Structures are given as C-alpha cells and as structure tokens.
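Just below is one structure, and these are the notes that go with it.
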Amino acid sequence: MSRNGRSEWKVAGKILAVFLLAYFLPVEHERFQSAVLEALRLVHWYAREHVLLCLVPAFFIAGAIGVFVSQAAVMKYFGPRAPKLLSYGVASISGTILAVCSCTVLPLFGAIYMRGAGLGPAIAFLYSGPAINVLAIAMTARVLGWQLGMARAVGAVVFSVAIGLLMHLLFLREEREKSARAEDLYFGEDQGSRRPLWQVAVYFLTMVGILVFANWGKPIQLAGPWFWIYRFKWRLTALFAVGLGITLWRWWGVPIFRLAWVAIATAVAGALFPDYPVVAFAVGSAGLTVVISFGGAELKEWRDQSWGFAKQILPLLLLGVLAAGFFLGSSAPTDAGLIPNRWVQALVGDSPATLVNLVGGDSARVPPWLVHVWPLWTNFFASVSGALMYFATLTEVPILRGLLDSGMGQGPALALLLAGPALSLPSMLAINSILGPKKTLAYASLVIVMATVTGMLYGAVVPSQ
C-alpha cells in the first residue's frame with residue numbers, strides 16, 4: 001500500500017473514532033452531565049482566578065529570562081558542569097520565594113531549561129517551586145498538625161534534590177552530550193544583557209514581587225504578619241509595578257509618557273472596579289504589552305518570547321484543567337466528577353473495610369491479603385490521585401482536612417501532599433511539550449514512587465488521628 005493510501009486510512013480511522021465517541025456519549029446519565037458541568041466550572045474558575053494573576057506574570061518573567069539572562073550565566077549556575085551543591089541548593093529552595101502552583105512554575109522552568117540549565121537542577125526547580133511554599137507548609141502544620149507540616153517541609157526539600165539527581169542519572173548520556181555542546185558557550189562570550197547584574201536583578205525582583213503578592217492567599221488566622229500582607233497585597237503589588245515601570249524608563253529607555261498612560265489607565269480601572277482588582281491588573285498587563293511592543297529590539301524580543309511560551313503552554317493547561325475537572329471534580333470537595341468522591345475516600349482510608357462495604361461485601365470479613373497490601377495501595381492511589389488532580393496554591397490543605405475527617409490515613413495524606421502540589425494533569429501535558437514523553441513519564445513516575453514510599457514509612461510511624 002502506498003504512503004498516501006496509509007495516510008488516508010489513518011484519517012478515516014480518526015474520523016470513525018470521533019464518530020463512535022460522539023455516538024455513544026452517555027449524555028443521558030446524571031453522573032456524566034455533572035462531570036461535564038464540573039469540568040466547565042473548573043476551567044471557568046481557572047480562567048478567572050489563575051490565568052491573569054499567575055500565568056500572565058509568569059509568561060512575562062519566562063520571556064525576560066530568555067532575553068535578558070545570558071546562556072553563559074545559566075550554564076555557570078545551573079548547567080551540567082555547575083557545582084552540584086550550588087545548582088541543586090538554589091533550585092531546591094526556590095519555593096520559599098515563588099508561592100506558585102504546578103502550572104505557574106512551568107513557564108519559568110521552560111525558560112531556564114531552554115536557556116541551558118541542566119536537567120537535574122531544572123527538575124529540582126520544577127518540583128520545588130510549588131512544593132516548598134512557606135505559607136502552605138505553615139498552613140499544613142496549623143490545620144493538619146505539626147507532624148504533617150514538618151514531614152511535608154522535609155520531604156519537599158529532599159524530594160526536589162533526589163528527583164533532580166535521579167533524572168540527571170537516568171538521562172546521563174543526553175546530559176553529557178548537552179554539556180559537550182555547551183562548552184563553547186560556557187567559556188565563550190557572554191551573549192546576554194550588557195547591563196550591570198544588579199540592574200537585571202532589580203528588574204526581575206519587581207516582576208517576581210508582582211507575581212508573589214498578586215497571588216497571596218488569605219490565611220486562616222485573620223491576624224499576624226501573613227494576614228497583614230494579605231490586607232495590603234494589592235498595594236504591595238502596585239508598589240512593585242511602579243518599580244518595574246521605573247526600571248523600564250531608566251534602563252530600557254521606555255518613554256515616561258507611555259508608562260504614565262498605563263499607570264493612569266490602571267488607576268482608573270481600579271477606581272471604577274474597587275471590588276475587582278483583577279480588572280486593574282488586566283489593564284496593567286495589557287498596557288505593559290503595548291509598551292514593550294513599541295519599544296526597542298530587546299523589548300520586542302521580550303514580547304515575542306513571552307508570547308511563545310503562552311502559545312506553547314496555555315492551551316495544554318486549559319485542556320488539562322478540563323480533563324481534571326471532568327474526571328475528578330473541581331478543587332472543592334464536591335461529588336460531581338465522573339469518579340465519585342466516596343470511591344476516592346474508600347480507597348485511601350485507614351482500613352479496607354469501607355471499600356469492601358462499598359462493593360457490597362461484608363466489612364467484617366476483609367480478606368487477609370487485602371489487609372497486607374492495603375498500606376501500599378492507599379499510598380500509591382493517593383500519590384496517583386494527587387498527581388492527576390489540579391491544586392491551586394493552598395487549596396490542598398482544606399481538601400485534605402475533609403479527606404482526613406472522612407477516614408483518610410496519615411500516610412496517604414502525606415503522599416498526596418508531596419505529589420499533588422508539584423504535579424497535575426495540566427502540568428504534565430505542558431511538561432511533555434518541553435521535555436518530551438520519555439522524560440515527562442520518568443519525572444511523574446519518580447514523584448509518584450517516592451511519595452508512595454514516603455507515605456508508607458510515615459504511616460507506619462505516625463498513627464492516624
């Protein structure tokens with residue numbers, strides 16, 4: 001058969017598959033209908049609460065890394081030949097600065113990896129960004145107990161380094177080839193920004209400040225320094241935005257009248273919609289896009305790099321959020337996804353009796369073999385569920401509180417805490433576009449396996465509450 005003939009058969013097969021899927025859709029079933037609504041509800045929430053405040057600043061930062069951070073500098077600190085203590089140490093504590101979720105960290109990860117960072121340090125950064133969040137760890141300790149908070153903090157730091165090193169070893173040949181190709185760049189001329197390092201650092205600090213404070217979550221305790229920051233988060237965000245404008249004016253030559261127009265438009269939007277600060281944030285982001293579009297070659301390249309990351313990552317994230325909402329429901333502990341929550345609770349409980357009772361068996365007569373494999377199963381299931389679900393920053397804590405109250409064991413709770421914030425179905429789709437299927441599968445598998453083993457060990461030591 002000719003190549004054209006095989007190609008036509010493939011097209012026909014795809015059309016037939018889509019037709020059969022449409023023909024047999026169980027649209028009359030209530031569970032399917034609720035799952036569709038849940039998927040739309042989650043992507044609606046994601047678009048309103050997450051894209052503008054989290055992803056847009058992250059795309060701007062990622063684009064700036066691609067333009068204003070030299071490849072030689074990235075190779076020096078994160079490249080395959082960089083000192084391991086330095087590269088993994090910096091990458092593993094990045095979450096203390098970036099209070100972001102598994103999706104928001106992706107543009108930043110893609111930028112440093114494509115700029116020449118070694119696979120190990122880049123993966124350590126990818127995991128630690130959402131996992132080592134000081135506010136989330138403090139909230140975990142307060143709501144779920146200090147043992148889980150401490151275990152999450154230690155486990156997240158250890159995981160980021162261990163998974164990064166294991167990924168480096170698994171793909172050692174490719175890393176060596178990458179290192180050899182980068183020899184000339186590392187020892188050659190620095191092709192990055194000619195500005196002093198401190199100016200570039202201040203420029204990035206202003207953008208990171210915007211990202212962090214715009215997404216500062218409301219703490220449970222309405223007092224103390226965390227709540228004080230939350231009360232003034234938009235003023236702090238505006239302060240960093242002013243700082244960004246000053247850097248663009250003084251060091252990038254942007255005319256001050258253009259920046260003034262953006263500031264006025266943002267202030268007017270804030271005054272007209274005081275209860276919806278995201279409107280002012282959107283106006284400011286659009287204004288920044290216009291400003292850099294009419295700037296010099298560097299600023300236009302910044303715009304193009306940011307847009308490139310948005311085109312590559314955003315559609316995959318939205319598709320993944322739709323799928324996560326359809327199968328597992330929204331971030332809220334509802335029972336509207338295709339997979340009922342009662343099944344999830346039964347599969348992560350301290351005892352298999354609930355599951356046996358759910359399938360119609362006698363809960364007093366649990367098979368001995370099921371009792372023996374139950375710790376392994378519950379921790380593995382919790383790790384896989386956490387890796388597929390989408391958790392916005394801090395939302396994993398109240399969800400876990402509900403699961404623990406429903407009988408979830410301490411071990412599976414820790415497994416979900418270590419796998420959930422760092423992975424999600426949307427993030428895995430985007431990681432695949434950057435690393436390819438082999439590395440993506442290896443990364444996800446390492447996170448799931450290590451979370452499973454850690455949860456089993458923790459569950460054996462700490463009794464359920």
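Each chain in the structure tokens gets a letter, A, B and so on, in the order shown; residues start at 1 in every chain, and ligands are counted from 1 in the order they appear.
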Handout entry: Polymer residues at most 10 Å from segment 253-265 of chain A, only C-alpha atoms, same-chain spacing of 4 or more positions, as a VMD selection string
Key = chain A and resid 238 241 to 242 245 to 249 269 to 271 280 283 to 288 290 to 292 294 to 296 299
Practice task
Determine which residues of segment 209-415 of chain A receive a DSSP assignment of alpha helix (DSSP H), computed from the backbone, and state them as an MDAnalysis selection string.
Solution key: chainID A and resid 209:214 224:231 233:251 256:272 277:293 297:328 341:347 353:358 368:388 396:405 410:415
Problem - Close residues, Trp234 of chain A itself excluded, 12 Å, only C-alpha atoms, min 3 positions apart in chain, as a PyMOL selection string - result: chain A and resi 53+209-217+228-231+237-241+267+270+274-278+280-281
Problem - Option closest in space to Ser102 of chain A, from A:Ser427, A:Asn357, A:Thr266, A:Asn379 [counting only C-alpha atoms] - result: A:Ser427
Practice task
Excluding segment 125-135 of chain A and residues on its chain fewer than 3 positions from it, collect all residues at most 9 Å away from it, counting only C-alpha atoms, and give them as number ranges by chain.
Solution key: A: 88, 90-106, 108-109, 120-122, 138-140, 152-153, 156-157, 159-161, 163-164, 217, 219, 226, 393-394, 417-423, 447
Output file for the residues above (C-alpha atoms, as a compact mmCIF listing (two decimals), in the first residue's frame):
# COMPACT_ATOMS: atom_id res chain seq x y z
CA TYR A 88 20.71 21.99 43.46
CA VAL A 90 19.49 27.21 44.80
CA ALA A 91 16.88 25.21 42.87
CA SER A 92 15.62 23.31 45.92
CA ILE A 93 14.82 26.42 47.99
CA SER A 94 13.22 28.44 45.18
CA GLY A 95 9.77 27.67 46.54
CA THR A 96 10.40 29.84 49.57
CA ILE A 97 10.32 32.80 47.17
CA LEU A 98 7.86 31.64 44.50
CA ALA A 99 4.49 30.83 46.06
CA VAL A 100 3.19 29.31 42.83
CA CYS A 101 1.29 26.20 41.75
CA SER A 102 2.40 23.40 39.44
CA CYS A 103 1.12 25.26 36.36
CA THR A 104 2.57 28.71 37.08
CA VAL A 105 6.09 27.34 37.55
CA LEU A 106 6.07 25.79 34.05
CA LEU A 108 9.85 29.64 34.41
CA PHE A 109 11.06 26.04 34.23
CA GLY A 120 18.72 17.83 37.20
CA PRO A 121 18.72 21.41 38.53
CA ALA A 122 15.83 22.34 36.23
CA ALA A 138 2.73 26.72 57.81
CA MET A 139 -0.94 26.28 56.92
CA THR A 140 -0.45 22.50 56.76
CA ARG A 152 5.92 17.98 54.18
CA ALA A 153 8.68 20.56 54.59
CA ALA A 156 9.68 18.51 49.71
CA VAL A 157 13.30 19.66 50.06
CA PHE A 159 12.38 15.21 47.00
CA SER A 160 13.46 18.17 44.88
CA VAL A 161 17.15 17.27 45.16
CA ILE A 163 14.35 13.62 41.93
CA GLY A 164 16.64 16.09 40.17
CA GLY A 217 -3.73 33.77 49.58
CA PRO A 219 -4.65 32.89 55.69
CA TRP A 226 0.58 36.75 56.91
CA THR A 393 -1.89 27.18 45.85
CA LEU A 394 -3.10 26.38 49.41
CA LEU A 417 0.81 16.45 49.86
CA LEU A 418 4.14 15.50 48.26
CA ALA A 419 2.73 14.53 44.86
CA GLY A 420 -0.28 16.84 44.48
CA PRO A 421 1.05 20.41 44.52
CA ALA A 422 4.08 19.52 42.34
CA LEU A 423 2.15 17.62 39.65
CA VAL A 447 7.33 11.71 42.11
Fill in the blank from the handout: Closest of A:Ala62, A:Leu172, A:Ala162, A:Val453 to Asp304 of chain A, counting only C-alpha atoms, is A:Ala62
Practice task
Rank nothing, just name the residue among A:Leu86, A:Ile434, A:Ala387, A:Leu148 nearest to Val462 of chain A, using only C-alpha atoms.
Solution key: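 Closest residue, counting only C-alpha atoms: A:Leu148.
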Practice task
Do a neighbour search on segment 27-31 of chain A at 8 Å with only C-alpha atoms, toss out local chain neighbours closer than 3 positions, and write the hits as a VMD selection string.
Solution key: chain A and resid 34 to 35 336 to 338
For those residues, write C-alpha atoms to a file as a JSON list (two decimals), in the first residue's frame.
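Printed below is again.json as written:
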[["chain", "number", "residue", "atom", "x", "y", "z"],
["A", 34, "SER", "CA", -22.47, 16.62, 36.36],
["A", 35, "ALA", "CA", -18.91, 15.75, 35.26],
["A", 336, "ALA", "CA", -19.73, 15.84, 40.86],
["A", 337, "GLY", "CA", -16.81, 14.42, 38.88],
["A", 338, "LEU", "CA", -17.01, 11.23, 36.83]]
Exercise for the section: Kindly indicate which residue among A:Arg235, A:Lys311, A:Arg303, A:His50 lies nearest to Pro107 of chain A, using only C-alpha atoms for the distances. Expected result: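 Once distances to Pro107 of chain A are computed over only C-alpha atoms, the minimum belongs to A:Lys311.
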Problem - Using only C-alpha atoms: which of A:Val69, A:Val43, A:Met207, A:Leu446 has the shortest distance to Ala117 of chain A - result: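 Ranked by minimum distance to Ala117 of chain A, first place goes to A:Val69.
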Practice task
Go through A:Tyr390, A:Phe327, A:Trp302, A:Tyr443 and flag the residue nearest Phe59 of chain A, using only C-alpha atoms for the distances.
Solution key: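 When distances to Phe59 of chain A are compared using only C-alpha atoms, the smallest one comes from A:Trp302.
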Practice task
Enter the distance from atom CA of Phe24 of chain A to atom CA of Ala39 of chain A, in Å, rounded to one decimal.
Solution key: 19.5 Å
